[in-house]
Structures are given as structure tokens and as C-alpha cells.
Amino acid sequence: MPAELADPRRTVALACRILANSGLVEDILGHVSVRVGHDRMLVRCRGPQEEGLLFTLHRDVHLVDLDGSGDLPAGWVVPNELPIHGELLRARPEIDAVVHCHPPAVLLAGVEEVPLRPVFGAYHIPAARLAVDGIPVYPRAGLVRRPELGRELVETMGSSTVCLMRGHGITTVGSGAHAVEQAVVRALAVDVLARVSVERARLGDRAADLTAEDLAELPDLGSSFNDLNMWRHHIARLRLAGLALE
């Protein structure tokens, strides 16, 4: 692996650990990718001694093209759902990272058709803003393992940065120098929104949507605050749990 890809590999590995440590993936399922140039990506693959996303190492992250072809070591394979990554990166040049994971609360909200409404505000501004904007729902619950299914997901997602996949999980994206961090933090925000929404439904769904006056007091605090601070917090949680990468 070229030296210039060492840090992106580490970032993808840390992203996988953060998602698992936060409960957005439970075992060996889920994956993260980051764009390399125009038509390649680093993606979390599965090896002959797979132990799950919580224990992702640099060696689990490999360089492939958008169709999943690359010089993988013996015994390593790309994710079955590589088309999620490849088709999004192909269709949307502004995207630099893709996260796919399976938060249990998102699953419940999707299959029970619990609406992800903007009922809270400053408690979690990024999640509230996602609810205001609306989160598209991909209606199919099968594996997105063929390019045409990946293109269906792309069409459903439109220009959104997040997508709920009913009976399945979520896909989020990020852009720019900290695209992986951004995509991970967006996944965490969707999870917060889904957990509150599922509990709201259990309590009888009496909560009102935010007023226009309160919405006006929910500014976008910027990527440094929303993404990088949250990323550093979750890296610290990995250290506390003894899961930091050396």
C-alpha cells in the first residue's frame, strides 16, 4: 500500500470501530469507504480471520476500483454490498466517503413506519436538521449486491446525505478533507433521531413538531464543531474502551 494511503486506511479502520463501539453495527456487517482519485476507493473488506467491525485493523482496508476489482491479498473479499459505495461514488462526484451500517433503532423505525419528525431542537442540532430536511427511504430490504440495485439506492437518495433503508439499515455520505468523519457523524445523528422517534412512538406519539421560531434558533455550527469535535470524542471513547488503533 502506498505511503500516501496510510492515513486514509487508518481513518476508515477507526470509523468502523466507532460505528461498532456506538452500537450502529453489531458484528461483522457494515462497511466504510473513502474515494481515492476519480475511480478508486479504499474500502473495509473481509479477510480469512474476520472478527467484526469493532476490531477492524489497517490490513482490513484495501484499494479497489468502483466495481470492486483490485489486487486483494489471498483470502480477502470486498463487501457483498460494494455497489452501495461504487454507484454512489460514480454518480455523485461531490461525495468522498460512504458509510453503510445497521443501527437497530433505524431498523425498528423503518419497519414500523415511525416517522422521523423534528420534535427536538438544541438537544442534537444535526439530527434535528436532518429531520427537518426529511430522510429518503429506500423501500427494498434485500442485499444491495448488484449495480442496478446500487443505482436504485442512488436514485432514491437523490441529493441527500443520508438514506434510511427499510428492513436493512442506513447509508450516509461525506465530502471534503474530512469526508469519513462527516459520514460517520451523520450516521450517529440518524441513530439519535431514530432512537428518539422509536421511544416517542412507544410513549404514544404526542410530541409536536418544532415551531418555526425554534427552528430559526438552530444554526449549522459548522463541520469543525459538528464533525471533528464529535469524531475526537468518539476516538477518546475508543481509547477508554481499550480499542484505540496504535
# chains A, B, ... in the order shown; residues from 1 in each chain; ligands from 1
>>> residues_around(residues="Leu210 (chain A)", least_positions_apart="5", cutoff="10 Å", atoms="only C-alpha atoms", output="ChimeraX atom specification")
/A:117-121,128,132,215-216
>>> closest_atom_pairs(of="region 41-158 of chain A", to="region 9-32 of chain A", cutoff="9 Å", atoms="only C-alpha atoms", output="CSV")
residue,atom,partner,partner_atom,distance
A:Leu42,CA,A:Arg9,CA,6.9
A:Val43,CA,A:Val32,CA,5.8
A:Arg44,CA,A:His31,CA,5.6
A:Cys45,CA,A:His31,CA,7.7
A:Arg46,CA,A:Ile28,CA,8.6
A:Glu50,CA,A:Ile28,CA,7.6
A:Glu51,CA,A:Ile28,CA,6.8
A:Gly52,CA,A:Ile28,CA,3.9
A:Leu53,CA,A:Cys16,CA,5.3
A:Leu54,CA,A:Arg17,CA,4.4
A:Phe55,CA,A:Arg17,CA,6.4
A:Thr56,CA,A:Ala13,CA,5.4
A:Leu57,CA,A:Ala13,CA,5.7
A:His58,CA,A:Arg10,CA,5.7
A:Arg59,CA,A:Arg9,CA,8.3
A:Asp60,CA,A:Ala13,CA,7.6
A:Val61,CA,A:Arg9,CA,5.8
A:His62,CA,A:Arg9,CA,7.8
A:Pro79,CA,A:His31,CA,7.3
A:Glu81,CA,A:His31,CA,8.7
A:Leu82,CA,A:His31,CA,8.8
A:His85,CA,A:Val32,CA,8.3
A:Ala97,CA,A:Val32,CA,7.4
A:Val98,CA,A:Val32,CA,5.8
A:Val99,CA,A:Val32,CA,4.6
A:His100,CA,A:Gly30,CA,5.4
A:Cys101,CA,A:Gly30,CA,4.6
A:His102,CA,A:Val25,CA,5.3
A:Pro103,CA,A:Leu24,CA,4.1
A:Pro104,CA,A:Leu24,CA,7.1
A:Ala105,CA,A:Leu24,CA,8.9
>>> closest_residue(among="A:Val190, A:Val173, A:Cys163, A:Leu243", to="Ile95 (chain A)", atoms="only C-alpha atoms")
A:Val173
>>> closest_residue(among="A:Arg206, A:Trp76, A:Pro136, A:Val184", to="Ile235 (chain A)", atoms="only C-alpha atoms")
A:Val184
>>> closest_residue(among="A:Asp65, A:Asp191, A:Asp227, A:Glu217", to="Leu130 (chain A)", atoms="only C-alpha atoms")
A:Asp191
>>> residues_around(residues="Leu116 (chain A)", least_positions_apart="6", cutoff="10 Å", atoms="only C-alpha atoms", output="list in words")
Val106, Ala109, Gly110, Ala127, Ala128, Leu130, Ala131, Val132, Gly134, Ile135, Val190, Leu193, Ala194, Arg195, Val196, Ser197, Val198 and Arg200 of chain A
>>> select_by_dssp(residues="region 126-239 of chain A", states="strand (DSSP E)", output="PyMOL selection string")
chain A and resi 137-138+162-165+169-174
>>> write_last_selection(atoms="C-alpha atoms", output="PDB file, in the first residue's frame")
ATOM      1  CA  VAL A 137     -36.360   5.834   2.406  1.00  0.00           C
ATOM      2  CA  TYR A 138     -35.121   3.086   0.110  1.00  0.00           C
ATOM      3  CA  VAL A 162     -28.402  10.212   4.351  1.00  0.00           C
ATOM      4  CA  CYS A 163     -30.818   7.445   3.400  1.00  0.00           C
ATOM      5  CA  LEU A 164     -32.848   5.041   5.501  1.00  0.00           C
ATOM      6  CA  MET A 165     -33.030   1.546   4.018  1.00  0.00           C
ATOM      7  CA  GLY A 169     -30.047  -0.027   7.790  1.00  0.00           C
ATOM      8  CA  ILE A 170     -28.730   3.327   6.617  1.00  0.00           C
ATOM      9  CA  THR A 171     -26.290   4.803   4.142  1.00  0.00           C
ATOM     10  CA  THR A 172     -24.624   8.157   4.773  1.00  0.00           C
ATOM     11  CA  VAL A 173     -22.045  10.125   2.808  1.00  0.00           C
ATOM     12  CA  GLY A 174     -19.438  12.805   3.405  1.00  0.00           C
TER      13      GLY A 174
END
>>> atom_distance(atom1="CA of Gly37 (chain A)", atom2="CA of Ala183 (chain A)")
18.3 Å
>>> closest_residue(among="A:Pro147, A:Pro139, A:Pro8, A:Gly222", to="Glu87 (chain A)", atoms="only C-alpha atoms")
A:Pro147
>>> select_by_dssp(residues="region 146-189 of chain A", states="alpha helix (DSSP H)", output="list of chain:residue names")
A:Pro147, A:Glu148, A:Leu149, A:Gly150, A:Arg151, A:Glu152, A:Leu153, A:Val154, A:Glu155, A:Thr156, A:Met157, A:Ala179, A:Val180, A:Glu181, A:Gln182, A:Ala183, A:Val184, A:Val185, A:Arg186, A:Ala187, A:Leu188, A:Ala189
>>> atom_distance(atom1="CA of Arg166 (chain A)", atom2="CA of Arg129 (chain A)")
20.8 Å
>>> atom_distance(atom1="CA of Arg145 (chain A)", atom2="CA of Trp231 (chain A)")
29.5 Å
>>> closest_atom_pairs(of="region 40-85 of chain A", to="region 90-93 of chain A", cutoff="12 Å", atoms="only C-alpha atoms", output="Markdown table")
| residue | atom | partner | partner_atom | distance |
| --- | --- | --- | --- | --- |
| A:Arg40 | CA | A:Arg90 | CA | 9.7 |
| A:Met41 | CA | A:Arg90 | CA | 10.8 |
| A:Asp65 | CA | A:Arg90 | CA | 10.4 |
| A:Leu66 | CA | A:Arg90 | CA | 7.2 |
| A:Asp67 | CA | A:Arg90 | CA | 9.7 |
| A:Pro83 | CA | A:Arg90 | CA | 9.9 |
| A:Ile84 | CA | A:Arg90 | CA | 10.2 |
| A:His85 | CA | A:Arg90 | CA | 8.5 |
>>> write_last_selection(atoms="N, CA and C atoms", output="tab-separated table (two decimals), in the first residue's frame")
chain	number	residue	atom	x	y	z
A	40	ARG	N	-11.30	5.13	-7.83
A	40	ARG	CA	-10.91	4.08	-6.90
A	40	ARG	C	-11.34	4.46	-5.49
A	41	MET	N	-11.30	3.48	-4.61
A	41	MET	CA	-11.67	3.73	-3.21
A	41	MET	C	-10.92	2.77	-2.30
A	65	ASP	N	-11.22	-0.62	-7.42
A	65	ASP	CA	-11.93	0.35	-8.26
A	65	ASP	C	-13.41	0.37	-7.88
A	66	LEU	N	-14.19	1.18	-8.57
A	66	LEU	CA	-15.59	1.36	-8.18
A	66	LEU	C	-16.45	0.12	-8.44
A	67	ASP	N	-15.91	-0.84	-9.17
A	67	ASP	CA	-16.61	-2.11	-9.38
A	67	ASP	C	-16.10	-3.19	-8.44
A	83	PRO	N	-21.71	-2.34	-4.35
A	83	PRO	CA	-22.40	-1.38	-5.21
A	83	PRO	C	-22.97	-0.17	-4.48
A	84	ILE	N	-23.25	-0.28	-3.17
A	84	ILE	CA	-23.67	0.91	-2.42
A	84	ILE	C	-22.60	1.99	-2.57
A	85	HIS	N	-21.35	1.60	-2.37
A	85	HIS	CA	-20.24	2.54	-2.42
A	85	HIS	C	-19.93	2.95	-3.86
>>> residues_around(residues="Glu155 (chain A)", least_positions_apart="4", cutoff="10 Å", atoms="only C-alpha atoms", output="tab-separated table (two decimals) with all heavy atoms, in the first residue's frame")
chain	number	residue	atom	x	y	z
A	88	LEU	N	-22.69	5.13	-5.66
A	88	LEU	CA	-22.77	6.49	-5.12
A	88	LEU	C	-21.57	7.33	-5.54
A	88	LEU	O	-21.71	8.48	-5.96
A	88	LEU	CB	-22.89	6.45	-3.60
A	88	LEU	CG	-24.30	6.26	-3.04
A	88	LEU	CD1	-24.25	5.90	-1.56
A	88	LEU	CD2	-25.14	7.51	-3.25
A	91	ALA	N	-21.88	8.16	-9.28
A	91	ALA	CA	-22.96	9.07	-9.68
A	91	ALA	C	-22.80	10.47	-9.10
A	91	ALA	O	-23.31	11.44	-9.69
A	91	ALA	CB	-24.30	8.48	-9.25
A	138	TYR	N	-35.24	4.11	1.15
A	138	TYR	CA	-35.12	3.09	0.11
A	138	TYR	C	-35.99	1.91	0.56
A	138	TYR	O	-35.78	1.34	1.64
A	138	TYR	CB	-33.66	2.67	-0.03
A	138	TYR	CG	-33.41	1.59	-1.07
A	138	TYR	CD1	-33.63	1.82	-2.42
A	138	TYR	CD2	-32.93	0.34	-0.69
A	138	TYR	CE1	-33.39	0.84	-3.36
A	138	TYR	CE2	-32.68	-0.65	-1.63
A	138	TYR	CZ	-32.92	-0.39	-2.96
A	138	TYR	OH	-32.67	-1.37	-3.90
A	149	LEU	N	-29.14	-2.41	-8.36
A	149	LEU	CA	-29.73	-2.10	-7.05
A	149	LEU	C	-29.02	-0.90	-6.43
A	149	LEU	O	-29.65	-0.06	-5.78
A	149	LEU	CB	-29.64	-3.31	-6.12
A	149	LEU	CG	-30.44	-4.54	-6.56
A	149	LEU	CD1	-30.23	-5.69	-5.58
A	149	LEU	CD2	-31.93	-4.21	-6.67
A	150	GLY	N	-27.71	-0.81	-6.62
A	150	GLY	CA	-26.98	0.36	-6.17
A	150	GLY	C	-27.50	1.63	-6.82
A	150	GLY	O	-27.65	2.67	-6.18
A	151	ARG	N	-27.81	1.53	-8.11
A	151	ARG	CA	-28.34	2.70	-8.82
A	151	ARG	C	-29.74	3.05	-8.33
A	151	ARG	O	-30.12	4.24	-8.31
A	151	ARG	CB	-28.31	2.44	-10.32
A	151	ARG	CG	-26.89	2.41	-10.90
A	151	ARG	CD	-26.89	2.42	-12.42
A	151	ARG	NE	-27.34	1.15	-12.98
A	151	ARG	CZ	-26.54	0.13	-13.27
A	151	ARG	NH1	-25.23	0.21	-13.02
A	151	ARG	NH2	-27.02	-0.98	-13.81
A	159	SER	N	-30.14	13.98	-3.77
A	159	SER	CA	-29.03	14.83	-3.33
A	159	SER	C	-28.83	14.79	-1.83
A	159	SER	O	-27.99	15.52	-1.30
A	159	SER	CB	-29.28	16.27	-3.77
A	159	SER	OG	-30.47	16.78	-3.17
>>> closest_residue(among="A:Pro48, A:Leu188, A:Asp133, A:Gly86", to="Leu153 (chain A)", atoms="only C-alpha atoms")
A:Gly86
>>> closest_residue(among="A:Gly167, A:Arg237, A:Ala212, A:Pro126", to="Glu112 (chain A)", atoms="only C-alpha atoms")
A:Gly167
